[in-house]
file coords16.pdb (PDB, C-alpha atoms and all ligand atoms)
ATOM      1  CA  MET A1104     -11.073 -38.545  -2.892
ATOM      2  CA  TYR A1105      -7.634 -39.795  -3.934
ATOM      3  CA  PRO A1106      -5.920 -38.267  -6.963
ATOM      4  CA  PRO A1107      -5.245 -40.491  -9.971
ATOM      5  CA  ARG A1108      -1.786 -42.103 -10.219
ATOM      6  CA  PHE A1109       1.091 -39.816 -11.124
ATOM      7  CA  ASP A1110       4.862 -39.970 -11.490
ATOM      8  CA  TYR A1111       6.958 -37.938  -9.073
ATOM      9  CA  VAL A1112      10.433 -36.472  -9.361
ATOM     10  CA  ALA A1113      12.284 -34.195  -6.967
ATOM     11  CA  PRO A1114      15.226 -32.658  -8.844
ATOM     12  CA  THR A1115      17.949 -30.822  -6.952
ATOM     13  CA  THR A1116      18.881 -28.170  -9.522
ATOM     14  CA  VAL A1117      16.901 -25.687 -11.593
ATOM     15  CA  ASP A1118      18.434 -27.129 -14.778
ATOM     16  CA  GLU A1119      17.105 -30.585 -13.898
ATOM     17  CA  VAL A1120      13.643 -29.122 -13.230
ATOM     18  CA  LEU A1121      13.697 -27.387 -16.609
ATOM     19  CA  ALA A1122      14.859 -30.545 -18.378
ATOM     20  CA  VAL A1123      11.950 -32.568 -16.984
ATOM     21  CA  LEU A1124       9.460 -29.818 -17.843
ATOM     22  CA  ALA A1125      10.866 -29.671 -21.389
ATOM     23  CA  GLU A1126      10.566 -33.438 -21.757
ATOM     24  CA  ARG A1127       7.085 -33.897 -20.265
ATOM     25  CA  GLY A1128       5.439 -30.618 -21.383
ATOM     26  CA  ASP A1129       1.827 -30.269 -20.275
ATOM     27  CA  GLU A1130       1.825 -33.762 -18.705
ATOM     28  CA  ALA A1131       3.902 -32.278 -15.855
ATOM     29  CA  LYS A1132       3.119 -29.796 -13.088
ATOM     30  CA  VAL A1133       5.483 -28.004 -10.758
ATOM     31  CA  LEU A1134       4.828 -28.795  -7.088
ATOM     32  CA  ALA A1135       5.794 -25.897  -4.788
ATOM     33  CA  GLY A1136       3.845 -25.529  -1.523
ATOM     34  CA  GLY A1137       1.136 -27.901  -2.766
ATOM     35  CA  GLN A1138      -1.543 -25.818  -1.044
ATOM     36  CA  SER A1139      -3.567 -25.338  -4.217
ATOM     37  CA  LEU A1140      -2.313 -28.125  -6.466
ATOM     38  CA  ILE A1141      -2.850 -31.040  -4.075
ATOM     39  CA  PRO A1142      -6.460 -30.070  -3.163
ATOM     40  CA  MET A1143      -7.237 -29.657  -6.878
ATOM     41  CA  MET A1144      -5.748 -33.098  -7.635
ATOM     42  CA  LYS A1145      -7.744 -34.661  -4.827
ATOM     43  CA  LEU A1146     -10.903 -33.095  -6.233
ATOM     44  CA  ARG A1147      -9.789 -34.372  -9.672
ATOM     45  CA  PHE A1148     -10.003 -30.892 -11.154
ATOM     46  CA  VAL A1149      -6.469 -31.485 -12.450
ATOM     47  CA  PHE A1150      -4.690 -34.795 -13.041
ATOM     48  CA  PRO A1151      -1.051 -34.258 -14.027
ATOM     49  CA  GLU A1152       0.839 -37.380 -15.061
ATOM     50  CA  MET A1153       3.964 -36.092 -13.349
ATOM     51  CA  LEU A1154       4.704 -33.843 -10.382
ATOM     52  CA  VAL A1155       8.028 -32.000 -10.441
ATOM     53  CA  ASP A1156       8.690 -31.204  -6.792
ATOM     54  CA  VAL A1157      10.979 -28.148  -6.592
ATOM     55  CA  ASN A1158      11.270 -28.138  -2.801
ATOM     56  CA  ARG A1159      14.713 -29.807  -2.852
ATOM     57  CA  VAL A1160      16.259 -27.212  -5.155
ATOM     58  CA  PRO A1161      18.554 -25.075  -2.980
ATOM     59  CA  GLY A1162      18.807 -21.315  -3.446
ATOM     60  CA  LEU A1163      15.221 -20.522  -4.438
ATOM     61  CA  ASP A1164      14.119 -19.225  -1.036
ATOM     62  CA  TYR A1165      15.728 -15.781  -1.206
ATOM     63  CA  ILE A1166      14.253 -12.356  -0.492
ATOM     64  CA  ASP A1167      16.781  -9.943  -1.921
ATOM     65  CA  HIS A1168      16.777  -6.198  -2.438
ATOM     66  CA  SER A1169      20.326  -5.495  -3.530
ATOM     67  CA  ASP A1170      19.357  -3.864  -6.827
ATOM     68  CA  GLY A1171      16.371  -1.693  -7.719
ATOM     69  CA  HIS A1172      13.946  -4.513  -6.998
ATOM     70  CA  LEU A1173      12.684  -6.656  -4.181
ATOM     71  CA  ARG A1174      13.274 -10.150  -5.589
ATOM     72  CA  VAL A1175      11.236 -13.000  -4.144
ATOM     73  CA  GLY A1176      12.432 -16.503  -5.089
ATOM     74  CA  ALA A1177      10.218 -19.426  -6.059
ATOM     75  CA  LEU A1178      10.431 -21.114  -2.641
ATOM     76  CA  VAL A1179       9.656 -18.090  -0.471
ATOM     77  CA  ARG A1180       6.674 -19.133   1.684
ATOM     78  CA  HIS A1181       3.901 -16.782   2.733
ATOM     79  CA  ASN A1182       5.249 -16.930   6.295
ATOM     80  CA  ASP A1183       8.778 -16.014   5.137
ATOM     81  CA  VAL A1184       7.257 -12.730   3.966
ATOM     82  CA  VAL A1185       5.442 -12.273   7.288
ATOM     83  CA  ALA A1186       8.774 -12.707   9.111
ATOM     84  CA  SER A1187      10.886 -10.620   6.732
ATOM     85  CA  ASP A1188      12.286  -7.330   8.062
ATOM     86  CA  VAL A1189      13.380  -6.506   4.532
ATOM     87  CA  VAL A1190       9.846  -6.738   3.131
ATOM     88  CA  GLY A1191       8.556  -4.713   6.083
ATOM     89  CA  ARG A1192      10.943  -1.897   5.185
ATOM     90  CA  VAL A1193      10.938  -2.131   1.401
ATOM     91  CA  ASN A1194       7.344  -2.927   0.412
ATOM     92  CA  HIS A1195       4.395  -2.135   2.655
ATOM     93  CA  THR A1196       1.791  -3.699   0.363
ATOM     94  CA  MET A1197       3.479  -7.110   0.513
ATOM     95  CA  ALA A1198       4.068  -6.834   4.245
ATOM     96  CA  ALA A1199       0.400  -6.020   4.836
ATOM     97  CA  ALA A1200      -0.906  -8.831   2.604
ATOM     98  CA  ALA A1201       1.171 -11.759   3.886
ATOM     99  CA  PRO A1202      -0.562 -12.274   7.264
ATOM    100  CA  TRP A1203      -3.936 -12.294   5.500
ATOM    101  CA  ILE A1204      -3.164 -15.455   3.520
ATOM    102  CA  SER A1205      -5.218 -18.268   5.024
ATOM    103  CA  ASP A1206      -3.953 -19.812   8.276
ATOM    104  CA  PRO A1207      -0.508 -20.697   9.694
ATOM    105  CA  LEU A1208      -0.482 -24.177   8.101
ATOM    106  CA  VAL A1209      -1.019 -22.815   4.611
ATOM    107  CA  ARG A1210       1.322 -19.872   5.224
ATOM    108  CA  ASN A1211       4.127 -22.244   6.299
ATOM    109  CA  LEU A1212       4.031 -24.174   3.012
ATOM    110  CA  GLY A1213       2.409 -22.070   0.299
ATOM    111  CA  THR A1214       4.664 -19.869  -1.829
ATOM    112  CA  VAL A1215       4.254 -16.371  -3.242
ATOM    113  CA  CYS A1216       5.352 -17.513  -6.732
ATOM    114  CA  GLY A1217       3.045 -20.544  -6.567
ATOM    115  CA  SER A1218       0.125 -18.278  -5.777
ATOM    116  CA  VAL A1219       0.966 -15.973  -8.688
ATOM    117  CA  ALA A1220       1.417 -18.943 -11.072
ATOM    118  CA  HIS A1221      -1.853 -20.492  -9.906
ATOM    119  CA  ALA A1222      -3.822 -17.298 -10.760
ATOM    120  CA  ASP A1223      -6.778 -18.091  -8.527
ATOM    121  CA  PRO A1224      -9.085 -15.049  -8.818
ATOM    122  CA  LEU A1225      -9.502 -15.239  -5.032
ATOM    123  CA  GLY A1226      -5.730 -15.231  -4.449
ATOM    124  CA  ASP A1227      -4.276 -12.199  -2.701
ATOM    125  CA  TRP A1228      -0.713 -12.078  -4.101
ATOM    126  CA  ALA A1229      -1.681 -11.373  -7.703
ATOM    127  CA  SER A1230      -3.421  -8.151  -6.656
ATOM    128  CA  VAL A1231      -0.388  -7.095  -4.637
ATOM    129  CA  MET A1232       1.889  -7.739  -7.619
ATOM    130  CA  LEU A1233      -0.431  -5.895 -10.012
ATOM    131  CA  ALA A1234      -0.646  -2.843  -7.755
ATOM    132  CA  CYS A1235       3.126  -2.750  -7.242
ATOM    133  CA  GLY A1236       3.946  -3.120 -10.952
ATOM    134  CA  ALA A1237       5.855  -6.380 -10.430
ATOM    135  CA  ASP A1238       7.407  -8.629 -13.074
ATOM    136  CA  VAL A1239       7.305 -12.419 -13.165
ATOM    137  CA  VAL A1240      10.561 -14.103 -14.136
ATOM    138  CA  ALA A1241      10.112 -17.433 -15.941
ATOM    139  CA  ARG A1242      12.801 -19.855 -17.108
ATOM    140  CA  SER A1243      12.786 -22.791 -19.488
ATOM    141  CA  THR A1244      15.522 -24.668 -21.340
ATOM    142  CA  SER A1245      15.187 -21.967 -24.029
ATOM    143  CA  GLY A1246      16.164 -19.169 -21.634
ATOM    144  CA  GLU A1247      14.592 -16.595 -19.335
ATOM    145  CA  ARG A1248      11.801 -14.110 -19.923
ATOM    146  CA  VAL A1249      10.548 -11.278 -17.750
ATOM    147  CA  ILE A1250       6.772 -10.861 -17.930
ATOM    148  CA  PRO A1251       5.036  -7.765 -16.554
ATOM    149  CA  MET A1252       2.428  -8.869 -14.032
ATOM    150  CA  ALA A1253      -0.121  -6.784 -15.956
ATOM    151  CA  ASP A1254       0.340  -9.202 -18.910
ATOM    152  CA  PHE A1255       0.757 -12.395 -16.899
ATOM    153  CA  ILE A1256      -2.795 -13.378 -15.950
ATOM    154  CA  THR A1257      -5.149 -13.908 -18.883
ATOM    155  CA  GLY A1258      -8.186 -15.294 -17.037
ATOM    156  CA  PRO A1259      -9.255 -17.332 -14.020
ATOM    157  CA  PHE A1260      -6.485 -19.890 -13.298
ATOM    158  CA  THR A1261      -4.918 -18.958 -16.642
ATOM    159  CA  THR A1262      -1.605 -17.265 -17.370
ATOM    160  CA  VAL A1263       0.829 -16.803 -20.249
ATOM    161  CA  LEU A1264       3.194 -19.287 -18.591
ATOM    162  CA  GLU A1265       4.191 -22.209 -20.846
ATOM    163  CA  PRO A1266       4.044 -25.735 -19.358
ATOM    164  CA  THR A1267       7.825 -25.901 -19.884
ATOM    165  CA  GLU A1268       8.480 -22.788 -17.749
ATOM    166  CA  LEU A1269       9.327 -22.438 -14.072
ATOM    167  CA  VAL A1270       8.625 -19.161 -12.297
ATOM    168  CA  THR A1271      11.961 -18.519 -10.621
ATOM    169  CA  GLU A1272      11.090 -15.210  -8.954
ATOM    170  CA  VAL A1273       8.809 -12.193  -8.830
ATOM    171  CA  ARG A1274      10.490  -8.778  -8.975
ATOM    172  CA  VAL A1275       8.818  -5.862  -7.270
ATOM    173  CA  PRO A1276      10.220  -2.401  -8.057
ATOM    174  CA  LYS A1277      11.482  -0.515  -5.003
ATOM    175  CA  TYR A1278       9.941   2.864  -4.240
ATOM    176  CA  ALA A1279      11.594   5.532  -6.374
ATOM    177  CA  GLY A1280      10.751   8.360  -3.959
ATOM    178  CA  ARG A1281       8.630   8.390  -0.838
ATOM    179  CA  GLY A1282       6.573   5.236  -1.233
ATOM    180  CA  GLY A1283       3.898   3.395   0.661
ATOM    181  CA  GLY A1284       1.093   0.918   0.277
ATOM    182  CA  THR A1285      -1.117  -1.596   1.996
ATOM    183  CA  TYR A1286      -3.502  -4.501   1.470
ATOM    184  CA  VAL A1287      -6.997  -4.380   2.946
ATOM    185  CA  LYS A1288      -9.018  -7.589   2.999
ATOM    186  CA  LEU A1289     -12.510  -8.546   4.125
ATOM    187  CA  GLU A1290     -13.012 -12.223   4.922
ATOM    188  CA  ARG A1291     -16.012 -14.028   6.437
ATOM    189  CA  LYS A1292     -13.886 -15.788   9.033
ATOM    190  CA  VAL A1293     -10.205 -16.072   9.850
ATOM    191  CA  GLY A1294      -8.346 -17.930   7.105
ATOM    192  CA  ASP A1295     -11.025 -17.516   4.444
ATOM    193  CA  TYR A1296     -10.421 -16.295   0.925
ATOM    194  CA  ALA A1297     -11.289 -12.647   0.323
ATOM    195  CA  THR A1298     -14.830 -11.409   0.027
ATOM    196  CA  VAL A1299     -13.036  -8.315  -1.261
ATOM    197  CA  GLY A1300      -9.340  -7.412  -1.235
ATOM    198  CA  VAL A1301      -7.776  -4.115  -2.307
ATOM    199  CA  ALA A1302      -4.031  -3.593  -2.832
ATOM    200  CA  THR A1303      -2.741  -0.030  -2.964
ATOM    201  CA  HIS A1304       0.672   1.386  -3.843
ATOM    202  CA  LEU A1305       1.821   5.021  -4.055
ATOM    203  CA  ASP A1306       5.119   6.670  -4.931
ATOM    204  CA  LEU A1307       5.566  10.433  -4.375
ATOM    205  CA  ASP A1308       8.350  12.790  -5.451
ATOM    206  CA  GLY A1309      10.068  15.354  -3.223
ATOM    207  CA  SER A1310       7.326  17.934  -3.755
ATOM    208  CA  GLY A1311       4.636  15.475  -2.678
ATOM    209  CA  THR A1312       3.207  14.794  -6.132
ATOM    210  CA  ILE A1313       2.079  11.243  -6.845
ATOM    211  CA  THR A1314       4.355   9.785  -9.541
ATOM    212  CA  THR A1315       3.145   6.178  -9.497
ATOM    213  CA  ALA A1316      -0.146   4.728  -8.295
ATOM    214  CA  GLY A1317      -1.278   1.136  -8.165
ATOM    215  CA  ILE A1318      -4.701  -0.178  -7.180
ATOM    216  CA  ALA A1319      -5.695  -3.824  -7.710
ATOM    217  CA  LEU A1320      -8.756  -5.768  -6.664
ATOM    218  CA  THR A1321      -9.270  -9.345  -5.444
ATOM    219  CA  SER A1322     -12.457 -11.439  -5.688
ATOM    220  CA  VAL A1323     -14.547  -8.857  -7.517
ATOM    221  CA  ALA A1324     -13.903  -9.842 -11.157
ATOM    222  CA  PRO A1325     -13.217 -13.041 -13.132
ATOM    223  CA  ASN A1326      -9.546 -12.538 -12.190
ATOM    224  CA  ASN A1327      -7.476 -10.057 -10.191
ATOM    225  CA  ILE A1328      -7.717  -6.694 -11.922
ATOM    226  CA  ARG A1329      -6.074  -3.279 -11.821
ATOM    227  CA  ALA A1330      -8.348  -0.273 -11.427
ATOM    228  CA  VAL A1331      -6.551   1.555 -14.225
ATOM    229  CA  GLU A1332      -8.737   4.680 -14.406
ATOM    230  CA  ALA A1333      -8.437   5.131 -10.653
ATOM    231  CA  GLU A1334      -4.650   4.848 -10.917
ATOM    232  CA  GLN A1335      -4.559   7.392 -13.742
ATOM    233  CA  ALA A1336      -6.670   9.846 -11.734
ATOM    234  CA  LEU A1337      -4.015   9.848  -8.996
ATOM    235  CA  VAL A1338      -0.830  10.290 -11.026
ATOM    236  CA  GLY A1339       0.457  13.869 -11.243
ATOM    237  CA  GLN A1340      -1.798  15.020  -8.400
ATOM    238  CA  SER A1341      -1.218  16.041  -4.798
ATOM    239  CA  PRO A1342      -2.857  13.633  -2.356
ATOM    240  CA  SER A1343      -6.077  14.792  -0.709
ATOM    241  CA  ASP A1344      -9.227  13.238   0.735
ATOM    242  CA  ALA A1345     -11.204  14.433  -2.282
ATOM    243  CA  LEU A1346      -8.706  12.875  -4.706
ATOM    244  CA  PHE A1347      -8.760   9.565  -2.849
ATOM    245  CA  ALA A1348     -12.577   9.593  -2.814
ATOM    246  CA  GLU A1349     -12.585  10.138  -6.581
ATOM    247  CA  ALA A1350     -10.122   7.244  -7.098
ATOM    248  CA  ALA A1351     -12.228   5.046  -4.806
ATOM    249  CA  GLU A1352     -15.301   5.772  -6.899
ATOM    250  CA  LEU A1353     -13.431   4.836 -10.102
ATOM    251  CA  ALA A1354     -12.134   1.619  -8.486
ATOM    252  CA  ALA A1355     -15.677   0.690  -7.425
ATOM    253  CA  ARG A1356     -16.799   1.219 -11.023
ATOM    254  CA  ALA A1357     -13.964  -1.003 -12.318
ATOM    255  CA  ALA A1358     -15.080  -3.901 -10.113
ATOM    256  CA  GLU A1359     -17.336  -6.573 -11.619
ATOM    257  CA  PRO A1360     -18.603  -8.304  -8.473
ATOM    258  CA  LYS A1361     -21.249 -11.017  -8.440
ATOM    259  CA  ASP A1362     -23.803 -12.008  -5.828
ATOM    260  CA  ASP A1363     -22.626 -15.110  -3.976
ATOM    261  CA  VAL A1364     -22.410 -16.650  -0.502
ATOM    262  CA  ARG A1365     -19.903 -13.967   0.498
ATOM    263  CA  GLY A1366     -22.276 -11.062  -0.213
ATOM    264  CA  SER A1367     -24.241  -9.177  -2.825
ATOM    265  CA  ALA A1368     -22.577  -7.441  -5.759
ATOM    266  CA  GLU A1369     -23.746  -4.078  -4.437
ATOM    267  CA  TYR A1370     -22.254  -4.730  -1.015
ATOM    268  CA  LYS A1371     -18.902  -5.807  -2.491
ATOM    269  CA  ARG A1372     -18.742  -2.724  -4.706
ATOM    270  CA  GLN A1373     -19.269  -0.558  -1.635
ATOM    271  CA  VAL A1374     -16.480  -2.436   0.155
ATOM    272  CA  VAL A1375     -14.155  -1.728  -2.796
ATOM    273  CA  ARG A1376     -15.067   1.972  -2.522
ATOM    274  CA  VAL A1377     -14.379   2.129   1.229
ATOM    275  CA  PHE A1378     -11.238  -0.059   1.138
ATOM    276  CA  THR A1379      -9.692   1.881  -1.737
ATOM    277  CA  ARG A1380     -10.098   5.186   0.092
ATOM    278  CA  ARG A1381      -8.814   3.643   3.309
ATOM    279  CA  GLY A1382      -5.947   1.865   1.526
ATOM    280  CA  LEU A1383      -4.777   5.043  -0.195
ATOM    281  CA  ALA A1384      -4.855   6.959   3.090
ATOM    282  CA  THR A1385      -2.717   4.250   4.733
ATOM    283  CA  ALA A1386      -0.347   4.188   1.758
ATOM    284  CA  LEU A1387       0.114   7.950   2.134
ATOM    285  CA  GLU A1388       0.818   7.580   5.871
ATOM    286  CA  HIS A1389       3.530   5.017   5.089
ATOM    287  CA  ALA A1390       4.977   7.272   2.409
ATOM    288  CA  ALA A1391       5.190  10.129   4.856
TER     289      ALA A1391
HETATM  290  C1  LIG B1401      -7.398 -23.860   3.214
HETATM  291  C2  LIG B1401      -6.698 -22.930   2.269
HETATM  292  C3  LIG B1401      -6.935 -21.577   2.375
HETATM  293  C4  LIG B1401      -6.289 -20.677   1.497
HETATM  294  N1  LIG B1401      -6.534 -19.338   1.642
HETATM  295  C5  LIG B1401      -5.896 -18.450   0.827
HETATM  296  C6  LIG B1401      -6.086 -17.054   0.975
HETATM  297  O1  LIG B1401      -6.781 -16.574   1.866
HETATM  298  N2  LIG B1401      -5.451 -16.238   0.100
HETATM  299  C7  LIG B1401      -4.632 -16.702  -0.883
HETATM  300  O2  LIG B1401      -4.078 -15.923  -1.646
HETATM  301  N3  LIG B1401      -4.415 -18.036  -1.029
HETATM  302  C8  LIG B1401      -5.019 -18.916  -0.204
HETATM  303  N4  LIG B1401      -4.795 -20.262  -0.363
HETATM  304  C9  LIG B1401      -3.907 -20.734  -1.455
HETATM  305  C10 LIG B1401      -2.435 -20.684  -1.014
HETATM  306  O3  LIG B1401      -2.022 -19.347  -0.940
HETATM  307  C11 LIG B1401      -1.485 -21.434  -1.952
HETATM  308  O4  LIG B1401      -0.270 -21.532  -1.252
HETATM  309  C12 LIG B1401      -1.172 -20.786  -3.282
HETATM  310  O5  LIG B1401      -2.339 -20.506  -4.011
HETATM  311  C13 LIG B1401      -0.363 -21.704  -4.189
HETATM  312  O6  LIG B1401       0.983 -21.731  -3.781
HETATM  313  P1  LIG B1401       1.716 -23.118  -3.584
HETATM  314  O7  LIG B1401       3.153 -22.829  -3.386
HETATM  315  O8  LIG B1401       1.015 -23.882  -2.533
HETATM  316  O9  LIG B1401       1.545 -23.769  -5.044
HETATM  317  P2  LIG B1401       1.131 -25.279  -5.536
HETATM  318  O10 LIG B1401      -0.119 -25.662  -4.850
HETATM  319  O11 LIG B1401       2.330 -26.150  -5.314
HETATM  320  O12 LIG B1401       0.936 -24.989  -7.046
HETATM  321  C14 LIG B1401      -0.169 -24.258  -7.534
HETATM  322  C15 LIG B1401      -0.080 -24.144  -9.055
HETATM  323  O13 LIG B1401       0.988 -23.274  -9.423
HETATM  324  C16 LIG B1401       1.990 -23.974 -10.163
HETATM  325  N5  LIG B1401       3.286 -23.533  -9.655
HETATM  326  C17 LIG B1401       3.656 -23.412  -8.365
HETATM  327  N6  LIG B1401       4.875 -22.884  -8.266
HETATM  328  C18 LIG B1401       5.303 -22.687  -9.536
HETATM  329  C19 LIG B1401       6.492 -22.158 -10.103
HETATM  330  N7  LIG B1401       7.510 -21.715  -9.334
HETATM  331  N8  LIG B1401       6.593 -22.085 -11.447
HETATM  332  C20 LIG B1401       5.576 -22.524 -12.236
HETATM  333  N9  LIG B1401       4.412 -23.005 -11.768
HETATM  334  C21 LIG B1401       4.281 -23.093 -10.431
HETATM  335  C22 LIG B1401       1.731 -25.469  -9.902
HETATM  336  O14 LIG B1401       2.180 -26.275 -10.978
HETATM  337  C23 LIG B1401       0.219 -25.482  -9.753
HETATM  338  O15 LIG B1401      -0.391 -25.473 -11.017
HETATM  339  C24 LIG B1401      -5.398 -21.176   0.501
HETATM  340  C25 LIG B1401      -5.150 -22.551   0.408
HETATM  341  C26 LIG B1401      -5.791 -23.431   1.281
HETATM  342  C27 LIG B1401      -5.492 -24.901   1.187
END
call {"tool": "encode", "arguments": {"input": "coords16.pdb", "output": "structure tokens"}}
result
Amino acid sequence: MYPPRFDYVAPTTVDEVLAVLAERGDEAKVLAGGQSLIPMMKLRFVFPEMLVDVNRVPGLDYIDHSDGHLRVGALVRHNDVVASDVVGRVNHTMAAAAPWISDPLVRNLGTVCGSVAHADPLGDWASVMLACGADVVARSTSGERVIPMADFITGPFTTVLEPTELVTEVRVPKYAGRGGGTYVKLERKVGDYATVGVATHLDLDGSGTITTAGIALTSVAPNNIRAVEAEQALVGQSPSDALFAEAAELAARAAEPKDDVRGSAEYKRQVVRVFTRRGLATALEHAA
């Protein structure tokens, strides 16, 4: 199916993007990689009157870690993360997740920020950002705001982002001590969305005590969720198999899976249990 008619602009500065968004409000949609927006327009699930293509804005494709954060600009593609030495060294959860996103065609075009803004409950990046305690940076003509990822998604395909705002970057805190993480994903076939995905993130102090823990789940709730009780059970403790098994049990309880073509709810809950334990063990290996 063809999408309905729409206007198209391709500004070359962020200020121009923001001006168009301010003028057109919810008639306009930002076009980044187009890997979710274009299929949804073709299916006529969405029909924006104007597309604001940001691909010609220079300087939005940075991966920077010069301050206390790993900063990922709005035009960083999934495959830029796969290829990034910096991400490989600075954030293991992101490095592990990137190759799991779909196939090479989608990874070449789709963006990390676009995925976060899109808030598809089957999307992998939102779980990574939740587990790592990331912030979303949004700009409009009124200024900039920094939104904790935990407050960003309000439901399936729904966020606190205003139609006038552009996500300019996501900011992932760097490990404070010995840190590690990973992303474990089950998919029916290569390139599929997750049947279950589990993002894990650990930070340990010099004595080996867990100071920060992040666990977030993909495809097992109406949107990506943190397993908060599981995280709380880990903080202040020394890592052990028994502790990780307890956290895995709490994560499985936090999941709200449904029976569907990808598997039964019971099966998915068991996958969350196994992947959380496995993910925490891998995170600890990285931290060591
Ligand atoms: C066949 C296929 C398989 C896929 N498999 C997976 C998968 O396994 N895992 C996974 O996580 N994803 C998967 N995806 C989705 C893919 O990751 C998309 O790239 C991603 O969801 C959206 O990023 P995008 O840059 O393409 O955004 P677009 O499609 O350009 O935009 C998506 C939405 O976000 C908004 N938006 C985009 N960027 C910004 C911004 N900077 N500021 C404000 N709003 C913005 C747009 O207005 C639109 O509403 C798949 C897609 C396809 C087509």
call {"tool": "residues_around", "arguments": {"input": "coords16.pdb", "residues": "A:Gly1284", "least_positions_apart": "5", "cutoff": "12 Å", "atoms": "all atoms listed in the file", "output": "JSON, numbers by chain"}}
result
{"A": [1190, 1191, 1192, 1193, 1194, 1195, 1196, 1197, 1198, 1199, 1200, 1231, 1232, 1234, 1235, 1277, 1278, 1301, 1302, 1303, 1304, 1305, 1306, 1307, 1315, 1316, 1317, 1318, 1319, 1379, 1380, 1381, 1382, 1383, 1384, 1385, 1386, 1387, 1388, 1389, 1390, 1391]}
call {"tool": "closest_residue", "arguments": {"input": "coords16.pdb", "among": "A:Glu1290, A:Asp1363, A:Asp1238, A:Glu1247", "to": "ligand LIG 1401 (chain B)", "atoms": "all atoms listed in the file"}}
result
A:Glu1290
call {"tool": "closest_residue", "arguments": {"input": "coords16.pdb", "among": "A:Thr1262, A:Thr1271, A:Gln1340, A:Thr1285", "to": "A:Val1160", "atoms": "all atoms listed in the file"}}
result
A:Thr1271
call {"tool": "closest_residue", "arguments": {"input": "coords16.pdb", "among": "A:Ala1333, A:Leu1233, A:Leu1178, A:Val1338", "to": "ligand LIG 1401 (chain B)", "atoms": "all atoms listed in the file"}}
result
A:Leu1178
call {"tool": "residues_around", "arguments": {"input": "coords16.pdb", "residues": "stretch 1175-1177 of chain A", "least_positions_apart": "3", "cutoff": "9 Å", "atoms": "only C-alpha atoms", "output": "PyMOL selection string"}}
result
chain A and resi 1135+1157+1162-1168+1180+1214-1217+1269-1275
call {"tool": "residues_near_ligand", "arguments": {"input": "coords16.pdb", "ligand": "ligand LIG 1401 (chain B)", "cutoff": "7 Å", "atoms": "only C-alpha atoms and all ligand atoms", "output": "ChimeraX atom specification"}}
result
/A:1132-1142,1177,1203-1206,1209-1210,1212-1218,1220-1221,1223,1225-1228,1268-1271,1294-1297
call {"tool": "write_last_selection", "arguments": {"input": "coords16.pdb", "atoms": "C-alpha atoms", "output": "mmCIF file, keeping the file's coordinate frame"}}
result
data_model
loop_
_atom_site.group_PDB
_atom_site.id
_atom_site.type_symbol
_atom_site.label_atom_id
_atom_site.label_comp_id
_atom_site.auth_asym_id
_atom_site.auth_seq_id
_atom_site.Cartn_x
_atom_site.Cartn_y
_atom_site.Cartn_z
ATOM 1 C CA LYS A 1132 3.119 -29.796 -13.088
ATOM 2 C CA VAL A 1133 5.483 -28.004 -10.758
ATOM 3 C CA LEU A 1134 4.828 -28.795 -7.088
ATOM 4 C CA ALA A 1135 5.794 -25.897 -4.788
ATOM 5 C CA GLY A 1136 3.845 -25.529 -1.523
ATOM 6 C CA GLY A 1137 1.136 -27.901 -2.766
ATOM 7 C CA GLN A 1138 -1.543 -25.818 -1.044
ATOM 8 C CA SER A 1139 -3.567 -25.338 -4.217
ATOM 9 C CA LEU A 1140 -2.313 -28.125 -6.466
ATOM 10 C CA ILE A 1141 -2.850 -31.040 -4.075
ATOM 11 C CA PRO A 1142 -6.460 -30.070 -3.163
ATOM 12 C CA ALA A 1177 10.218 -19.426 -6.059
ATOM 13 C CA TRP A 1203 -3.936 -12.294 5.500
ATOM 14 C CA ILE A 1204 -3.164 -15.455 3.520
ATOM 15 C CA SER A 1205 -5.218 -18.268 5.024
ATOM 16 C CA ASP A 1206 -3.953 -19.812 8.276
ATOM 17 C CA VAL A 1209 -1.019 -22.815 4.611
ATOM 18 C CA ARG A 1210 1.322 -19.872 5.224
ATOM 19 C CA LEU A 1212 4.031 -24.174 3.012
ATOM 20 C CA GLY A 1213 2.409 -22.070 0.299
ATOM 21 C CA THR A 1214 4.664 -19.869 -1.829
ATOM 22 C CA VAL A 1215 4.254 -16.371 -3.242
ATOM 23 C CA CYS A 1216 5.352 -17.513 -6.732
ATOM 24 C CA GLY A 1217 3.045 -20.544 -6.567
ATOM 25 C CA SER A 1218 0.125 -18.278 -5.777
ATOM 26 C CA ALA A 1220 1.417 -18.943 -11.072
ATOM 27 C CA HIS A 1221 -1.853 -20.492 -9.906
ATOM 28 C CA ASP A 1223 -6.778 -18.091 -8.527
ATOM 29 C CA LEU A 1225 -9.502 -15.239 -5.032
ATOM 30 C CA GLY A 1226 -5.730 -15.231 -4.449
ATOM 31 C CA ASP A 1227 -4.276 -12.199 -2.701
ATOM 32 C CA TRP A 1228 -0.713 -12.078 -4.101
ATOM 33 C CA GLU A 1268 8.480 -22.788 -17.749
ATOM 34 C CA LEU A 1269 9.327 -22.438 -14.072
ATOM 35 C CA VAL A 1270 8.625 -19.161 -12.297
ATOM 36 C CA THR A 1271 11.961 -18.519 -10.621
ATOM 37 C CA GLY A 1294 -8.346 -17.930 7.105
ATOM 38 C CA ASP A 1295 -11.025 -17.516 4.444
ATOM 39 C CA TYR A 1296 -10.421 -16.295 0.925
ATOM 40 C CA ALA A 1297 -11.289 -12.647 0.323
#
call {"tool": "axis_aligned_box", "arguments": {"input": "coords16.pdb", "around": "stretch 1219-1223 of chain A", "padding_each_side": "8 Å", "output": "AutoDock Vina command-line options"}}
result
--center_x -2.7 --center_y -18.2 --center_z -9.8 --size_x 24.2 --size_y 20.5 --size_z 18.5
call {"tool": "closest_residue", "arguments": {"input": "coords16.pdb", "among": "A:Asn1182, A:Ser1169, A:Ser1230, A:Asn1327", "to": "A:Thr1257", "atoms": "all atoms listed in the file"}}
result
A:Asn1327
